[in-house]
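Shown next, in structure tokens, is the structure this report addresses.
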Amino acid sequence: MEIIYSKVDEPKKDCALPVMLSDETIMQRKEKVLTKMQERKLDKLVVYCDVEHGNNFSYLIGFFTRFEEALLVIDKSGEMKLVLGNENLNKCSKARVQCSPVHASVLSLPNQPDRKDKSFKELLKEAGISEDLRVGLVGWKHFTSDIENNRQIFDVPSFIVDSIRYIIKDEELLTNETDIFIGENGVRTINNANEIAHYEYGAALASDSMLDAMNLLEEGVSEMELGAMLTQSGQHTNVVTIAASGERFIKGNMFPTANKVKVGDTISLTVGYAGGSSSRAGYAVKSKDQLLDGEKGYLEELAIPYFKAYATWLEKIKIGQKGRELYDIIEEVLPKDKYHWSLCPGHLVAEEEWMSSPIYEGSKEVFKSGMIFQIDIIPHMQGMGGVCAESTVVLADKQLKNNIKTEYPEMWQRMKTRIRYIRENLNINISDDVLPMCSTVAYLRPYLFDKERALIVKR
């Protein structure tokens with residue numbers, strides 16, 4: 001595969017309106033969770049939520065509790081209770097599944113009015129936790145260590161873990177069951193047509209916002225002006241918004257400042273919403289001549305090898321493939337020892353930017369229809385700026401494609417247009433199992449002041 005830097009039309013923005021999850025989808029989600037509980041012989045499942053770690057909770061409830069903590073307590077019968085703080089107690093009636101509330105003011109913000117009639121342990125009993133029950137606890141990540149007892153590691157605050165252990169008496173009855181939701185065979189890793197339409201909005205909004213920021217980029221534009229292009233429509237971002245020109249993290253700051261773009265600056269842009277994120281990294285130049293002497297090999301030595309790996313990823317991924325197979329393909333095309341990438345070359349997304357990943361060294365996890373992926377390969381070379389075109393795709397078999405075509409014909413047409421652009425404009429033979437979730441998949445301008453050229457495959 002030969003990669004060249006060439007004139008190419010930019011993709012068209014195509015963000016649609018938000019799509020709500022249907023009642024049928026929510027009921028399917030509930031049944032999948034209950035089935036997992038039955039398989040594992042769990043009496044109760046306790047799902048933790050806070051603003052950063054609320055996505056397993058919102059999978060069934062529909063919202064996360066913003067500034068407070070919360071617990072969803074699921075009985076094996078299907079009965080559900082929400083343990084809520086002061087400012088979310090009135091949200092119980094808004095849940096997508098039928099729940100009854102338990103008011104636990106200890107989950108509220110500091111110094112707010114506190115209940116004095118019942119202890120937290122008593123309130124957990126009111127929510128259904130009792131002695132000798134098998135209780136699964138769900139935080140936000142499952143643990144995969146080869147040397148630890150992963151079922152006995154918890155990423156939930158100790159006052160909750162300790163209180164549940166105190167009630168059930170036998171601490172061995174309390175286990176980490178986050179992998180019911182994420183990781184290999186997690187219920188959240190596979191999406192139906194309705195869920196894909198729901199997540200397409202965020203993936204496409206991130207992509208369209210990124211294109212706006214790239215097109216605004218020129219000498220003298222401030223990071224804050226670029227950041228304003230990235231955060232749009234009042235939507236909740238799921239990753240730190242980055243609009244950085246030149247040196248990053250000055251005095252620990254991660255967010256856009258009044259700093260203005262200068263010729264030769266490295267550029268980093270990132271925004272993400274539920275459903276996917278978009279990132280771009282390159283140089284604020286029009287050509288190699290504007291780079292410093294030590295950076296003049298950037299295109300040939302880093303950007304082109306990265307794009308070759310990216311295009312290979314899109315062409316080689318397929319349903320039924322094991323994660324280690326794709327990992328090994330990327331290792332062959334973009335050797336880790338030379339290009340110093342260290343994370344998984346791709347991962348699953350949903351509400352969060354990184355949910356889990358089946359792509360890692362030795363992975364036997366199988367790619368399935370309905371998985372939404374971020375193409376996330378991050379190479380590093382000493383003395384050079386970064387390169388990135390992170391974006392979102394979904395794997396779909398014939399049945400899922402037919403469902404999308406029937407239930408969401410406008411989204412289907414957007415996906416077909418995106419495929420056509422990737423194949424005909426970028427010359428990438430994208431896998432038949434891949435549907436792009438946004439229009440800028442594989443669109444990379446390494447020299448960001450040159451808005452007419454991008455990397456493409458030479459055919």
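Letters A, B, ... go to the chains of the structure tokens in the order shown; residues in each chain start at 1; ligands are counted from 1 in the same order.
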Checklist entry - Just asking: which residues within range 76-305 of chain A are helix (DSSP H, G or I) according to DSSP, as an NGL selection string? => result :A and (89-94 or 105-107 or 120-126 or 150-152 or 158-168 or 171-173 or 178-180 or 187-189 or 193-216 or 223-230 or 250-252 or 288-290 or 293-295 or 298-305)
Checklist entry - What lies within 9 Å of Ser58 in chain A using only C-alpha atoms, ignoring chain neighbours under 6 positions off, as an NGL selection string? => result :A and (49 or 64-65 or 95 or 351)
Would you mind exporting all heavy atoms of the selected residues as an mmCIF file, in the first residue's frame?
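Once written, result-v1.cif looks like this:
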data_model
loop_
_atom_site.group_PDB
_atom_site.id
_atom_site.type_symbol
_atom_site.label_atom_id
_atom_site.label_comp_id
_atom_site.auth_asym_id
_atom_site.auth_seq_id
_atom_site.Cartn_x
_atom_site.Cartn_y
_atom_site.Cartn_z
ATOM 1 N N CYS A 49 -22.781 4.958 40.449
ATOM 2 C CA CYS A 49 -22.810 6.080 39.500
ATOM 3 C C CYS A 49 -22.234 7.327 40.158
ATOM 4 O O CYS A 49 -22.541 7.641 41.310
ATOM 5 C CB CYS A 49 -24.252 6.346 39.057
ATOM 6 S SG CYS A 49 -24.468 7.837 38.039
ATOM 7 N N PHE A 64 -27.403 10.021 34.088
ATOM 8 C CA PHE A 64 -26.443 9.864 35.176
ATOM 9 C C PHE A 64 -26.690 11.000 36.158
ATOM 10 O O PHE A 64 -27.280 12.023 35.815
ATOM 11 C CB PHE A 64 -24.996 9.865 34.669
ATOM 12 C CG PHE A 64 -24.571 11.128 33.974
ATOM 13 C CD1 PHE A 64 -23.999 12.163 34.696
ATOM 14 C CD2 PHE A 64 -24.726 11.284 32.599
ATOM 15 C CE1 PHE A 64 -23.598 13.339 34.072
ATOM 16 C CE2 PHE A 64 -24.328 12.448 31.961
ATOM 17 C CZ PHE A 64 -23.760 13.476 32.709
ATOM 18 N N THR A 65 -26.227 10.830 37.390
ATOM 19 C CA THR A 65 -26.671 11.723 38.461
ATOM 20 C C THR A 65 -25.792 12.959 38.627
ATOM 21 O O THR A 65 -25.695 13.511 39.715
ATOM 22 C CB THR A 65 -26.749 10.955 39.792
ATOM 23 O OG1 THR A 65 -25.530 10.242 40.011
ATOM 24 C CG2 THR A 65 -27.899 9.982 39.769
ATOM 25 N N ALA A 95 -36.647 7.813 35.425
ATOM 26 C CA ALA A 95 -35.861 6.655 34.987
ATOM 27 C C ALA A 95 -36.577 5.904 33.873
ATOM 28 O O ALA A 95 -37.811 5.842 33.825
ATOM 29 C CB ALA A 95 -35.600 5.722 36.166
ATOM 30 N N GLU A 351 -21.432 5.618 25.718
ATOM 31 C CA GLU A 351 -21.509 6.917 26.377
ATOM 32 C C GLU A 351 -20.112 7.463 26.660
ATOM 33 O O GLU A 351 -19.865 8.655 26.540
ATOM 34 C CB GLU A 351 -22.291 6.825 27.691
ATOM 35 C CG GLU A 351 -23.790 6.953 27.569
ATOM 36 C CD GLU A 351 -24.431 5.716 26.978
ATOM 37 O OE1 GLU A 351 -23.787 4.634 26.963
ATOM 38 O OE2 GLU A 351 -25.582 5.807 26.520
#
Item to check | Non-local contacts of Glu225 in chain A (12 Å; only C-alpha atoms; under 4 positions in same chain excluded) as a ChimeraX atom specification | outcome: /A:212-218,220-221,229-231,242-245,255-261,269
Return as CSV the residues of range 320-425 of chain A lying at most 7 Å from range 176-194 of chain A, together with the closest atom-to-atom pair for each and the distance in Å to one decimal, counting only C-alpha atoms, with rows in chain order and ascending residue number.
residue,atom,partner,partner_atom,distance
A:Met355,CA,A:Ile182,CA,6.8
A:Ser356,CA,A:Gly183,CA,5.6
A:Ser357,CA,A:Gly183,CA,6.8
A:Glu365,CA,A:Glu184,CA,6.2
A:Gly370,CA,A:Asn191,CA,4.6
A:Met371,CA,A:Ile190,CA,5.1
A:Leu400,CA,A:Ala193,CA,6.7
A:Asn403,CA,A:Ala193,CA,6.2
A:Ile404,CA,A:Ala193,CA,5.3
Checklist entry - Skipping near chain neighbours, those fewer than 5 positions away, what residues fall within 9 Å of Leu89 in chain A using only C-alpha atoms, listed as a PyMOL selection string? => result chain A and resi 82-84+101-104
Checklist entry - Do you have the CA of Lys91 in chain A-CA of Leu133 in chain A distance handy? => result 28.1 Å
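Proximity of A:Glu410, A:Glu195, A:Glu171, A:Asp114 to Leu21 in chain A, computed with only C-alpha atoms, is greatest for A:Glu195.
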Item to check | Contacts of Glu131 in chain A within 10 Å, only C-alpha atoms, excl. fewer than 3 positions in-chain, as a PyMOL selection string | outcome: chain A and resi 125+128+134+164-170+173
Preceding selection exported with N, CA, C and O atoms as a PDB file, in the first residue's frame:
ATOM      1  N   LYS A 125     -30.166  -1.701  53.462  1.00  0.00           N
ATOM      2  CA  LYS A 125     -31.102  -2.797  53.748  1.00  0.00           C
ATOM      3  C   LYS A 125     -32.475  -2.482  53.176  1.00  0.00           C
ATOM      4  O   LYS A 125     -33.153  -3.368  52.628  1.00  0.00           O
ATOM      5  N   GLY A 128     -32.729  -3.397  49.736  1.00  0.00           N
ATOM      6  CA  GLY A 128     -32.798  -4.821  49.419  1.00  0.00           C
ATOM      7  C   GLY A 128     -31.571  -5.636  49.755  1.00  0.00           C
ATOM      8  O   GLY A 128     -31.556  -6.852  49.544  1.00  0.00           O
ATOM      9  N   ARG A 134     -25.895 -13.172  47.590  1.00  0.00           N
ATOM     10  CA  ARG A 134     -24.791 -13.025  46.641  1.00  0.00           C
ATOM     11  C   ARG A 134     -24.996 -11.701  45.905  1.00  0.00           C
ATOM     12  O   ARG A 134     -25.974 -11.529  45.173  1.00  0.00           O
ATOM     13  N   ILE A 164     -21.783  -2.698  52.435  1.00  0.00           N
ATOM     14  CA  ILE A 164     -22.401  -3.904  51.875  1.00  0.00           C
ATOM     15  C   ILE A 164     -21.795  -5.150  52.512  1.00  0.00           C
ATOM     16  O   ILE A 164     -22.502  -6.090  52.886  1.00  0.00           O
ATOM     17  N   ARG A 165     -20.480  -5.162  52.671  1.00  0.00           N
ATOM     18  CA  ARG A 165     -19.825  -6.306  53.312  1.00  0.00           C
ATOM     19  C   ARG A 165     -20.326  -6.493  54.743  1.00  0.00           C
ATOM     20  O   ARG A 165     -20.531  -7.629  55.194  1.00  0.00           O
ATOM     21  N   TYR A 166     -20.511  -5.426  55.451  1.00  0.00           N
ATOM     22  CA  TYR A 166     -20.991  -5.493  56.828  1.00  0.00           C
ATOM     23  C   TYR A 166     -22.370  -6.153  56.885  1.00  0.00           C
ATOM     24  O   TYR A 166     -22.647  -6.959  57.779  1.00  0.00           O
ATOM     25  N   ILE A 167     -23.214  -5.819  55.905  1.00  0.00           N
ATOM     26  CA  ILE A 167     -24.582  -6.357  55.906  1.00  0.00           C
ATOM     27  C   ILE A 167     -24.607  -7.829  55.538  1.00  0.00           C
ATOM     28  O   ILE A 167     -25.268  -8.642  56.196  1.00  0.00           O
ATOM     29  N   ILE A 168     -23.887  -8.208  54.484  1.00  0.00           N
ATOM     30  CA  ILE A 168     -23.994  -9.586  53.994  1.00  0.00           C
ATOM     31  C   ILE A 168     -23.127 -10.556  54.798  1.00  0.00           C
ATOM     32  O   ILE A 168     -23.234 -11.769  54.636  1.00  0.00           O
ATOM     33  N   LYS A 169     -22.256 -10.014  55.682  1.00  0.00           N
ATOM     34  CA  LYS A 169     -21.428 -10.796  56.616  1.00  0.00           C
ATOM     35  C   LYS A 169     -20.247 -11.501  55.948  1.00  0.00           C
ATOM     36  O   LYS A 169     -19.099 -11.302  56.321  1.00  0.00           O
ATOM     37  N   ASP A 170     -20.514 -12.309  54.940  1.00  0.00           N
ATOM     38  CA  ASP A 170     -19.448 -13.061  54.273  1.00  0.00           C
ATOM     39  C   ASP A 170     -18.918 -12.235  53.106  1.00  0.00           C
ATOM     40  O   ASP A 170     -19.592 -12.076  52.080  1.00  0.00           O
ATOM     41  N   LEU A 173     -19.085 -13.204  49.371  1.00  0.00           N
ATOM     42  CA  LEU A 173     -20.353 -13.116  48.621  1.00  0.00           C
ATOM     43  C   LEU A 173     -20.449 -11.828  47.814  1.00  0.00           C
ATOM     44  O   LEU A 173     -21.349 -11.685  46.982  1.00  0.00           O
TER      45      LEU A 173
END
Next on the checklist: Please list as a PyMOL selection string every residue within 12 Å of Gln38 in chain A, counting only C-alpha atoms and excluding residues in the same chain fewer than 6 positions away.
Outcome noted: chain A and resi 31-32+44-45+74-78+134+136+180
Checklist entry - Looking at only C-alpha atoms, which of A:Ile329, A:Met210, A:Gln321, A:Arg248 is the one that sits closest to Tyr273 in chain A? => result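 Of all the options, A:Met210 lies closest to Tyr273 in chain A.
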Next on the checklist: Can you tell me which residues surround range 345-348 of chain A at a distance of at most 9 Å, considering only C-alpha atoms, apart from same-chain residues fewer than 6 positions away, and format the answer as a PyMOL selection string?
Outcome noted: chain A and resi 189+313+326-327+330+354-360+371-378
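With only C-alpha atoms as the atoms that count, the residue of A:Glu332, A:Asp162, A:Asp208, A:Asp50 with the shortest distance to Val441 in chain A is A:Asp208.
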Item to check | strand (DSSP E or B) call set, DSSP backbone run, range 301-438 of chain A, as a PyMOL selection string | outcome: chain A and resi 322+347-348+356+366+372-375+388+391-395+434-436
Item to check | Gap from CA of Ser369 in chain A to CA of Glu10 in chain A - Å, one decimal | outcome: 29.0 Å
Checklist outcome for this item: Val263 in chain A proximity check over A:Phe449, A:Thr241, A:Lys30, A:Met411, using only C-alpha atoms: winner is A:Phe449
Checklist entry - Quick one: distance from CA of Asp146 in chain A to CA of Val366 in chain A in Å, one decimal? => result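 About the pair CA of Asp146 in chain A and CA of Val366 in chain A: they are 20.0 Å apart.
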